[in-house]
Amino acid sequence: MKFEDDIVNTVTRIILPFITLFGLYLIIHVHLSPGGGFSGGTVVGAGFVLFSLSFGISIQEKKLSHRTSALLESYGGLWYVLLGFVALFYGYNFLTNDPVFGLGQSGSLFSSGLVILVNIGLGVKVASTIITLFDSLGGEEL
Amino acid sequence: MIELFNFILLIILIIVVIVVAQIRDLLSAVILFTVFNLILSLLWQQMRAPDVAITEAALGAGVTAVLLVATISKTRRQER
């Protein structure tokens with residue numbers, strides 16, 4: 001599906017950086033403000049869906065191919081599990097946060113140790129899941 | 001004042017849900033479902049759940065509508 005429309009293309013060109021930046025803000029500020037990996041990943045994925053709707057799915061395939069997004073989806077889940085196993089090597093339980101990863105100053109950006117790392121992987125997984133869903137359902141002939 | 005606003009939003013929400021269940025044209029049903037998700041997102045924000053509101057606005061009103069319109073364009077538009 002591709003709109004040969006100047007209004008849709010121009011509005012997408014203007015608004016797409018802000019959508020992606022807002023999604024990344026939601027992912028990074030998971031422990032400080034509302035939002036998180038799931039919400040931010042959904043916003044980033046919706047931005048990519050808007051991009052491929054307005055510019056055509058072949059240009060989106062050049063930016064982020066179907067195989068790359070499928071791989072990112074799998075490695076996002078694997079990243080979560082591997083971060084859980086880090087605490088096991090230090091002798092703590094699975095997904096232990098406090099003594100293994102430093103907590104830092106409360107209220108600053110890089111302060112929550114495991115939470116922000118897990119949510120970055122979760123955001124990548126959710127965003128690439130939405131892109132893969134749209135690619136699998138849509139494809140070229142939509 | 002804000003209670004009246006929430007009450008009007010709830011009434012519109014119930015009307016939209018009944019119309020979505022009753023309407024025969026599937027494309028109109030998808031558009032009304034998007035309206036339902038948008039109103040529900042405003043109501044989540046009024047109920048002090050901004051996290052759920054962000055997810056509802058992005059997933060319910062954005063991605064679900066695109067996926068359902070893609071499904072309709074692959075099948076037929078009228079309900080039998």
# chains A, B, ... in the order shown; residues from 1 in each chain; ligands from 1
$ residues_around --residues "region 9-20 of chain A" --least-positions-apart "6" --cutoff "12 Å" --atoms "only C-alpha atoms" --output "list in words"
Lys2, Phe3, Leu26, Ile27, Gly40, Gly41, Thr42, Val43, Val44, Gly45, Ala46, Gly47, Phe48, Val49, Leu50, Phe51, Ser52, Leu53, Ser54, Phe55, Gly56, Gly123 and Ala127 of chain A; Ala58 of chain B
$ interface_residues --of "chain B" --to "chain A" --cutoff "9 Å" --atoms "only C-alpha atoms" --output "PDB file with all heavy atoms, in the first residue's frame"
ATOM      1  N   ALA B  49      -4.038   6.628  34.984  1.00  0.00           N
ATOM      2  CA  ALA B  49      -3.185   5.540  34.512  1.00  0.00           C
ATOM      3  C   ALA B  49      -2.550   5.979  33.200  1.00  0.00           C
ATOM      4  O   ALA B  49      -2.944   5.514  32.132  1.00  0.00           O
ATOM      5  CB  ALA B  49      -3.988   4.259  34.319  1.00  0.00           C
ATOM      6  N   PRO B  50      -1.590   6.904  33.220  1.00  0.00           N
ATOM      7  CA  PRO B  50      -1.043   7.435  31.959  1.00  0.00           C
ATOM      8  C   PRO B  50      -0.253   6.406  31.170  1.00  0.00           C
ATOM      9  O   PRO B  50      -0.167   6.491  29.948  1.00  0.00           O
ATOM     10  CB  PRO B  50      -0.145   8.584  32.423  1.00  0.00           C
ATOM     11  CG  PRO B  50       0.183   8.283  33.815  1.00  0.00           C
ATOM     12  CD  PRO B  50      -0.982   7.555  34.390  1.00  0.00           C
ATOM     13  N   ASP B  51       0.295   5.402  31.885  1.00  0.00           N
ATOM     14  CA  ASP B  51       1.021   4.333  31.203  1.00  0.00           C
ATOM     15  C   ASP B  51       0.102   3.552  30.267  1.00  0.00           C
ATOM     16  O   ASP B  51       0.406   3.349  29.083  1.00  0.00           O
ATOM     17  CB  ASP B  51       1.603   3.414  32.279  1.00  0.00           C
ATOM     18  CG  ASP B  51       2.677   2.509  31.753  1.00  0.00           C
ATOM     19  OD1 ASP B  51       2.920   2.554  30.534  1.00  0.00           O
ATOM     20  OD2 ASP B  51       3.263   1.780  32.549  1.00  0.00           O
ATOM     21  N   VAL B  52      -1.055   3.161  30.801  1.00  0.00           N
ATOM     22  CA  VAL B  52      -2.029   2.428  30.000  1.00  0.00           C
ATOM     23  C   VAL B  52      -2.574   3.311  28.889  1.00  0.00           C
ATOM     24  O   VAL B  52      -2.854   2.839  27.782  1.00  0.00           O
ATOM     25  CB  VAL B  52      -3.151   1.902  30.908  1.00  0.00           C
ATOM     26  CG1 VAL B  52      -4.042   0.957  30.168  1.00  0.00           C
ATOM     27  CG2 VAL B  52      -2.574   1.229  32.117  1.00  0.00           C
ATOM     28  N   ILE B  54      -0.977   5.723  27.231  1.00  0.00           N
ATOM     29  CA  ILE B  54      -0.009   5.797  26.127  1.00  0.00           C
ATOM     30  C   ILE B  54      -0.076   4.532  25.288  1.00  0.00           C
ATOM     31  O   ILE B  54      -0.130   4.573  24.052  1.00  0.00           O
ATOM     32  CB  ILE B  54       1.411   6.010  26.686  1.00  0.00           C
ATOM     33  CG1 ILE B  54       1.530   7.391  27.303  1.00  0.00           C
ATOM     34  CG2 ILE B  54       2.441   5.869  25.597  1.00  0.00           C
ATOM     35  CD1 ILE B  54       2.786   7.558  28.102  1.00  0.00           C
ATOM     36  N   THR B  55      -0.113   3.367  25.962  1.00  0.00           N
ATOM     37  CA  THR B  55      -0.153   2.103  25.227  1.00  0.00           C
ATOM     38  C   THR B  55      -1.445   1.970  24.431  1.00  0.00           C
ATOM     39  O   THR B  55      -1.445   1.494  23.295  1.00  0.00           O
ATOM     40  CB  THR B  55      -0.002   0.937  26.207  1.00  0.00           C
ATOM     41  OG1 THR B  55       1.082   1.210  27.073  1.00  0.00           O
ATOM     42  CG2 THR B  55       0.255  -0.340  25.480  1.00  0.00           C
ATOM     43  N   GLU B  56      -2.552   2.404  25.028  1.00  0.00           N
ATOM     44  CA  GLU B  56      -3.847   2.300  24.347  1.00  0.00           C
ATOM     45  C   GLU B  56      -3.888   3.196  23.108  1.00  0.00           C
ATOM     46  O   GLU B  56      -4.373   2.788  22.056  1.00  0.00           O
ATOM     47  CB  GLU B  56      -4.949   2.698  25.321  1.00  0.00           C
ATOM     48  CG  GLU B  56      -6.348   2.524  24.797  1.00  0.00           C
ATOM     49  CD  GLU B  56      -6.870   1.130  25.042  1.00  0.00           C
ATOM     50  OE1 GLU B  56      -6.541   0.589  26.096  1.00  0.00           O
ATOM     51  OE2 GLU B  56      -7.562   0.612  24.180  1.00  0.00           O
ATOM     52  N   ALA B  58      -1.301   4.279  21.315  1.00  0.00           N
ATOM     53  CA  ALA B  58      -0.387   3.852  20.256  1.00  0.00           C
ATOM     54  C   ALA B  58      -0.827   2.529  19.654  1.00  0.00           C
ATOM     55  O   ALA B  58      -0.853   2.371  18.439  1.00  0.00           O
ATOM     56  CB  ALA B  58       1.033   3.728  20.805  1.00  0.00           C
ATOM     57  N   LEU B  59      -1.158   1.563  20.503  1.00  0.00           N
ATOM     58  CA  LEU B  59      -1.454   0.217  20.008  1.00  0.00           C
ATOM     59  C   LEU B  59      -2.893   0.100  19.520  1.00  0.00           C
ATOM     60  O   LEU B  59      -3.149  -0.406  18.435  1.00  0.00           O
ATOM     61  CB  LEU B  59      -1.175  -0.799  21.124  1.00  0.00           C
ATOM     62  CG  LEU B  59      -1.092  -2.249  20.729  1.00  0.00           C
ATOM     63  CD1 LEU B  59       0.068  -2.461  19.804  1.00  0.00           C
ATOM     64  CD2 LEU B  59      -0.904  -3.092  21.959  1.00  0.00           C
ATOM     65  N   GLY B  62      -3.570   3.092  16.817  1.00  0.00           N
ATOM     66  CA  GLY B  62      -2.660   3.177  15.687  1.00  0.00           C
ATOM     67  C   GLY B  62      -2.480   1.872  14.959  1.00  0.00           C
ATOM     68  O   GLY B  62      -2.901   1.716  13.810  1.00  0.00           O
ATOM     69  N   VAL B  63      -1.867   0.910  15.633  1.00  0.00           N
ATOM     70  CA  VAL B  63      -1.411  -0.292  14.946  1.00  0.00           C
ATOM     71  C   VAL B  63      -2.570  -1.231  14.633  1.00  0.00           C
ATOM     72  O   VAL B  63      -2.642  -1.810  13.546  1.00  0.00           O
ATOM     73  CB  VAL B  63      -0.339  -0.991  15.810  1.00  0.00           C
ATOM     74  CG1 VAL B  63       0.157  -2.234  15.135  1.00  0.00           C
ATOM     75  CG2 VAL B  63       0.797  -0.052  16.069  1.00  0.00           C
ATOM     76  N   VAL B  66      -4.479  -0.179  11.536  1.00  0.00           N
ATOM     77  CA  VAL B  66      -3.749  -0.471  10.295  1.00  0.00           C
ATOM     78  C   VAL B  66      -3.837  -1.962   9.965  1.00  0.00           C
ATOM     79  O   VAL B  66      -4.096  -2.349   8.815  1.00  0.00           O
ATOM     80  CB  VAL B  66      -2.286  -0.019  10.437  1.00  0.00           C
ATOM     81  CG1 VAL B  66      -1.470  -0.496   9.263  1.00  0.00           C
ATOM     82  CG2 VAL B  66      -2.218   1.475  10.518  1.00  0.00           C
ATOM     83  N   LEU B  67      -3.662  -2.816  10.983  1.00  0.00           N
ATOM     84  CA  LEU B  67      -3.701  -4.256  10.726  1.00  0.00           C
ATOM     85  C   LEU B  67      -5.103  -4.700  10.315  1.00  0.00           C
ATOM     86  O   LEU B  67      -5.252  -5.541   9.413  1.00  0.00           O
ATOM     87  CB  LEU B  67      -3.257  -5.014  11.975  1.00  0.00           C
ATOM     88  CG  LEU B  67      -1.783  -4.857  12.346  1.00  0.00           C
ATOM     89  CD1 LEU B  67      -1.460  -5.655  13.578  1.00  0.00           C
ATOM     90  CD2 LEU B  67      -0.893  -5.294  11.216  1.00  0.00           C
ATOM     91  N   ALA B  70      -5.740  -3.630   6.749  1.00  0.00           N
ATOM     92  CA  ALA B  70      -5.025  -4.534   5.845  1.00  0.00           C
ATOM     93  C   ALA B  70      -5.768  -5.855   5.700  1.00  0.00           C
ATOM     94  O   ALA B  70      -5.865  -6.410   4.596  1.00  0.00           O
ATOM     95  CB  ALA B  70      -3.616  -4.780   6.379  1.00  0.00           C
ATOM     96  N   THR B  71      -6.337  -6.357   6.801  1.00  0.00           N
ATOM     97  CA  THR B  71      -7.109  -7.600   6.725  1.00  0.00           C
ATOM     98  C   THR B  71      -8.357  -7.425   5.872  1.00  0.00           C
ATOM     99  O   THR B  71      -8.700  -8.303   5.069  1.00  0.00           O
ATOM    100  CB  THR B  71      -7.503  -8.035   8.143  1.00  0.00           C
ATOM    101  OG1 THR B  71      -6.360  -8.006   8.961  1.00  0.00           O
ATOM    102  CG2 THR B  71      -8.076  -9.426   8.133  1.00  0.00           C
ATOM    103  N   SER B  73      -8.747  -5.299   3.410  1.00  0.00           N
ATOM    104  CA  SER B  73      -8.384  -5.171   2.005  1.00  0.00           C
ATOM    105  C   SER B  73      -7.996  -6.508   1.395  1.00  0.00           C
ATOM    106  O   SER B  73      -7.999  -6.646   0.174  1.00  0.00           O
ATOM    107  CB  SER B  73      -7.236  -4.191   1.853  1.00  0.00           C
ATOM    108  OG  SER B  73      -6.032  -4.819   2.189  1.00  0.00           O
ATOM    109  N   LYS B  74      -7.680  -7.501   2.222  1.00  0.00           N
ATOM    110  CA  LYS B  74      -7.403  -8.833   1.676  1.00  0.00           C
ATOM    111  C   LYS B  74      -8.649  -9.704   1.594  1.00  0.00           C
ATOM    112  O   LYS B  74      -8.686 -10.662   0.836  1.00  0.00           O
ATOM    113  CB  LYS B  74      -6.350  -9.548   2.537  1.00  0.00           C
ATOM    114  CG  LYS B  74      -4.948  -9.106   2.230  1.00  0.00           C
ATOM    115  CD  LYS B  74      -3.965  -9.940   2.998  1.00  0.00           C
ATOM    116  CE  LYS B  74      -2.562  -9.485   2.684  1.00  0.00           C
ATOM    117  NZ  LYS B  74      -2.098 -10.004   1.404  1.00  0.00           N
TER     118      LYS B  74
END
$ residues_around --residues "Ser112 (chain A)" --least-positions-apart "6" --cutoff "7 Å" --atoms "only C-alpha atoms" --output "list in words"
His31, Leu103 and Gly104 of chain A
$ atom_distance --atom1 "CA of Leu95 (chain A)" --atom2 "CA of Leu109 (chain A)"
20.7 Å
$ residues_around --residues "Arg80 (chain B)" --least-positions-apart "6" --cutoff "12 Å" --atoms "only C-alpha atoms" --output "PyMOL selection string"
chain B and resi 23-26
$ write_last_selection --atoms "all heavy atoms" --output "short mmCIF file (atom, residue, chain, number, x, y, z; two decimals), in the first residue's frame"
data_model
loop_
_atom_site.label_atom_id
_atom_site.label_comp_id
_atom_site.auth_asym_id
_atom_site.auth_seq_id
_atom_site.Cartn_x
_atom_site.Cartn_y
_atom_site.Cartn_z
N ILE B 23 -22.99 -2.73 13.50
CA ILE B 23 -22.88 -2.22 12.13
C ILE B 23 -22.48 -3.35 11.18
O ILE B 23 -21.80 -4.30 11.58
CB ILE B 23 -21.90 -1.03 12.10
CG1 ILE B 23 -22.13 -0.15 10.89
CG2 ILE B 23 -20.47 -1.51 12.14
CD1 ILE B 23 -21.44 1.18 11.02
N ARG B 24 -22.91 -3.25 9.90
CA ARG B 24 -22.64 -4.30 8.93
C ARG B 24 -21.39 -4.01 8.11
O ARG B 24 -20.73 -4.93 7.66
CB ARG B 24 -23.83 -4.45 7.97
CG ARG B 24 -25.16 -4.63 8.65
CD ARG B 24 -25.27 -5.95 9.34
NE ARG B 24 -25.35 -7.05 8.40
CZ ARG B 24 -25.40 -8.33 8.78
NH1 ARG B 24 -25.38 -8.62 10.07
NH2 ARG B 24 -25.46 -9.29 7.90
N ASP B 25 -21.10 -2.74 7.88
CA ASP B 25 -19.93 -2.37 7.09
C ASP B 25 -18.67 -2.50 7.95
O ASP B 25 -18.55 -1.86 8.99
CB ASP B 25 -20.09 -0.93 6.60
CG ASP B 25 -19.02 -0.56 5.60
OD1 ASP B 25 -18.23 -1.44 5.26
OD2 ASP B 25 -19.00 0.60 5.16
N LEU B 26 -17.74 -3.36 7.53
CA LEU B 26 -16.60 -3.68 8.39
C LEU B 26 -15.59 -2.54 8.46
O LEU B 26 -14.95 -2.34 9.49
CB LEU B 26 -15.92 -4.95 7.89
CG LEU B 26 -16.74 -6.20 8.10
CD1 LEU B 26 -16.02 -7.40 7.54
CD2 LEU B 26 -17.02 -6.43 9.56
#
$ atom_distance --atom1 "CA of Leu9 (chain B)" --atom2 "CA of Leu43 (chain B)"
7.5 Å
$ residues_around --residues "Ser28 (chain B)" --least-positions-apart "3" --cutoff "12 Å" --atoms "only C-alpha atoms" --output "ChimeraX atom specification"
/B:16,19-25,31-35,65,68-69,72,77-79
$ write_last_selection --atoms "N, CA and C atoms" --output "PDB file, in the first residue's frame"
ATOM      1  N   VAL B  16     -20.671   4.066  21.135  1.00  0.00           N
ATOM      2  CA  VAL B  16     -19.769   3.621  20.069  1.00  0.00           C
ATOM      3  C   VAL B  16     -19.596   2.108  20.106  1.00  0.00           C
ATOM      4  N   VAL B  19     -22.653   0.457  18.605  1.00  0.00           N
ATOM      5  CA  VAL B  19     -22.682   0.634  17.147  1.00  0.00           C
ATOM      6  C   VAL B  19     -21.653  -0.280  16.473  1.00  0.00           C
ATOM      7  N   VAL B  20     -20.446  -0.439  17.096  1.00  0.00           N
ATOM      8  CA  VAL B  20     -19.427  -1.327  16.522  1.00  0.00           C
ATOM      9  C   VAL B  20     -19.952  -2.760  16.452  1.00  0.00           C
ATOM     10  N   ALA B  21     -20.688  -3.188  17.475  1.00  0.00           N
ATOM     11  CA  ALA B  21     -21.195  -4.559  17.451  1.00  0.00           C
ATOM     12  C   ALA B  21     -22.320  -4.729  16.452  1.00  0.00           C
ATOM     13  N   GLN B  22     -23.060  -3.654  16.139  1.00  0.00           N
ATOM     14  CA  GLN B  22     -24.264  -3.811  15.326  1.00  0.00           C
ATOM     15  C   GLN B  22     -24.027  -3.532  13.844  1.00  0.00           C
ATOM     16  N   ILE B  23     -22.987  -2.731  13.501  1.00  0.00           N
ATOM     17  CA  ILE B  23     -22.882  -2.217  12.131  1.00  0.00           C
ATOM     18  C   ILE B  23     -22.478  -3.348  11.179  1.00  0.00           C
ATOM     19  N   ARG B  24     -22.911  -3.249   9.903  1.00  0.00           N
ATOM     20  CA  ARG B  24     -22.643  -4.302   8.928  1.00  0.00           C
ATOM     21  C   ARG B  24     -21.389  -4.013   8.113  1.00  0.00           C
ATOM     22  N   ASP B  25     -21.097  -2.740   7.882  1.00  0.00           N
ATOM     23  CA  ASP B  25     -19.926  -2.370   7.087  1.00  0.00           C
ATOM     24  C   ASP B  25     -18.675  -2.495   7.950  1.00  0.00           C
ATOM     25  N   ILE B  31     -13.151   1.884  11.862  1.00  0.00           N
ATOM     26  CA  ILE B  31     -12.967   3.299  12.183  1.00  0.00           C
ATOM     27  C   ILE B  31     -13.613   3.633  13.520  1.00  0.00           C
ATOM     28  N   LEU B  32     -14.817   3.067  13.769  1.00  0.00           N
ATOM     29  CA  LEU B  32     -15.464   3.317  15.055  1.00  0.00           C
ATOM     30  C   LEU B  32     -14.706   2.646  16.190  1.00  0.00           C
ATOM     31  N   PHE B  33     -14.041   1.525  15.902  1.00  0.00           N
ATOM     32  CA  PHE B  33     -13.221   0.873  16.916  1.00  0.00           C
ATOM     33  C   PHE B  33     -12.016   1.737  17.280  1.00  0.00           C
ATOM     34  N   THR B  34     -11.478   2.452  16.283  1.00  0.00           N
ATOM     35  CA  THR B  34     -10.402   3.405  16.562  1.00  0.00           C
ATOM     36  C   THR B  34     -10.889   4.547  17.437  1.00  0.00           C
ATOM     37  N   VAL B  35     -12.103   5.028  17.154  1.00  0.00           N
ATOM     38  CA  VAL B  35     -12.699   6.080  17.985  1.00  0.00           C
ATOM     39  C   VAL B  35     -12.884   5.582  19.418  1.00  0.00           C
ATOM     40  N   ALA B  65      -5.690  -0.527  14.046  1.00  0.00           N
ATOM     41  CA  ALA B  65      -6.490  -0.040  12.924  1.00  0.00           C
ATOM     42  C   ALA B  65      -5.818  -0.359  11.593  1.00  0.00           C
ATOM     43  N   LEU B  68      -6.146  -4.121  10.930  1.00  0.00           N
ATOM     44  CA  LEU B  68      -7.505  -4.524  10.568  1.00  0.00           C
ATOM     45  C   LEU B  68      -7.886  -4.025   9.178  1.00  0.00           C
ATOM     46  N   VAL B  69      -7.429  -2.814   8.810  1.00  0.00           N
ATOM     47  CA  VAL B  69      -7.700  -2.320   7.450  1.00  0.00           C
ATOM     48  C   VAL B  69      -6.972  -3.190   6.429  1.00  0.00           C
ATOM     49  N   ILE B  72      -9.039  -6.273   5.995  1.00  0.00           N
ATOM     50  CA  ILE B  72     -10.247  -6.035   5.200  1.00  0.00           C
ATOM     51  C   ILE B  72      -9.896  -5.937   3.724  1.00  0.00           C
ATOM     52  N   ARG B  77     -15.508  -6.553   2.278  1.00  0.00           N
ATOM     53  CA  ARG B  77     -15.821  -5.429   3.149  1.00  0.00           C
ATOM     54  C   ARG B  77     -17.130  -5.605   3.903  1.00  0.00           C
ATOM     55  N   GLN B  78     -18.072  -6.323   3.310  1.00  0.00           N
ATOM     56  CA  GLN B  78     -19.389  -6.444   3.940  1.00  0.00           C
ATOM     57  C   GLN B  78     -19.471  -7.709   4.758  1.00  0.00           C
ATOM     58  N   GLU B  79     -20.138  -7.570   5.912  1.00  0.00           N
ATOM     59  CA  GLU B  79     -20.387  -8.744   6.740  1.00  0.00           C
ATOM     60  C   GLU B  79     -21.561  -9.534   6.181  1.00  0.00           C
TER      61      GLU B  79
END
$ select_by_dssp --residues "chain B" --states "alpha helix (DSSP H)" --output "PyMOL selection string"
chain B and resi 2-22+26-46+50-55+64-74
$ atom_distance --atom1 "CA of Ile28 (chain A)" --atom2 "CA of Asn119 (chain A)"
7.9 Å
$ residues_around --residues "Leu13 (chain B)" --least-positions-apart "2" --cutoff "9 Å" --atoms "only C-alpha atoms" --output "PyMOL selection string"
chain B and resi 8-11+15-18+35-37+39-40
$ residues_around --residues "Ala87 (chain A)" --least-positions-apart "6" --cutoff "8 Å" --atoms "only C-alpha atoms" --output "ChimeraX atom specification"
/A:93-97,100
$ write_last_selection --atoms "N, CA, C and O atoms" --output "CSV table (one decimal), in the first residue's frame"
chain,number,residue,atom,x,y,z
A,93,ASN,N,20.2,-14.7,42.8
A,93,ASN,CA,19.1,-15.3,42.1
A,93,ASN,C,19.0,-14.8,40.7
A,93,ASN,O,19.7,-13.8,40.4
A,94,PHE,N,18.2,-15.4,39.9
A,94,PHE,CA,17.9,-15.0,38.5
A,94,PHE,C,17.3,-13.6,38.5
A,94,PHE,O,16.4,-13.3,39.3
A,95,LEU,N,17.8,-12.7,37.7
A,95,LEU,CA,17.3,-11.3,37.5
A,95,LEU,C,17.5,-10.5,38.8
A,95,LEU,O,16.6,-9.7,39.1
A,96,THR,N,18.5,-10.7,39.6
A,96,THR,CA,18.8,-9.9,40.8
A,96,THR,C,19.3,-8.5,40.3
A,96,THR,O,20.2,-8.5,39.5
A,97,ASN,N,18.8,-7.5,40.9
A,97,ASN,CA,19.2,-6.1,40.5
A,97,ASN,C,20.2,-5.5,41.4
A,97,ASN,O,21.3,-5.0,40.9
A,100,VAL,N,24.3,-6.5,42.0
A,100,VAL,CA,25.1,-6.9,40.8
A,100,VAL,C,25.2,-5.6,39.9
A,100,VAL,O,26.4,-5.2,39.6
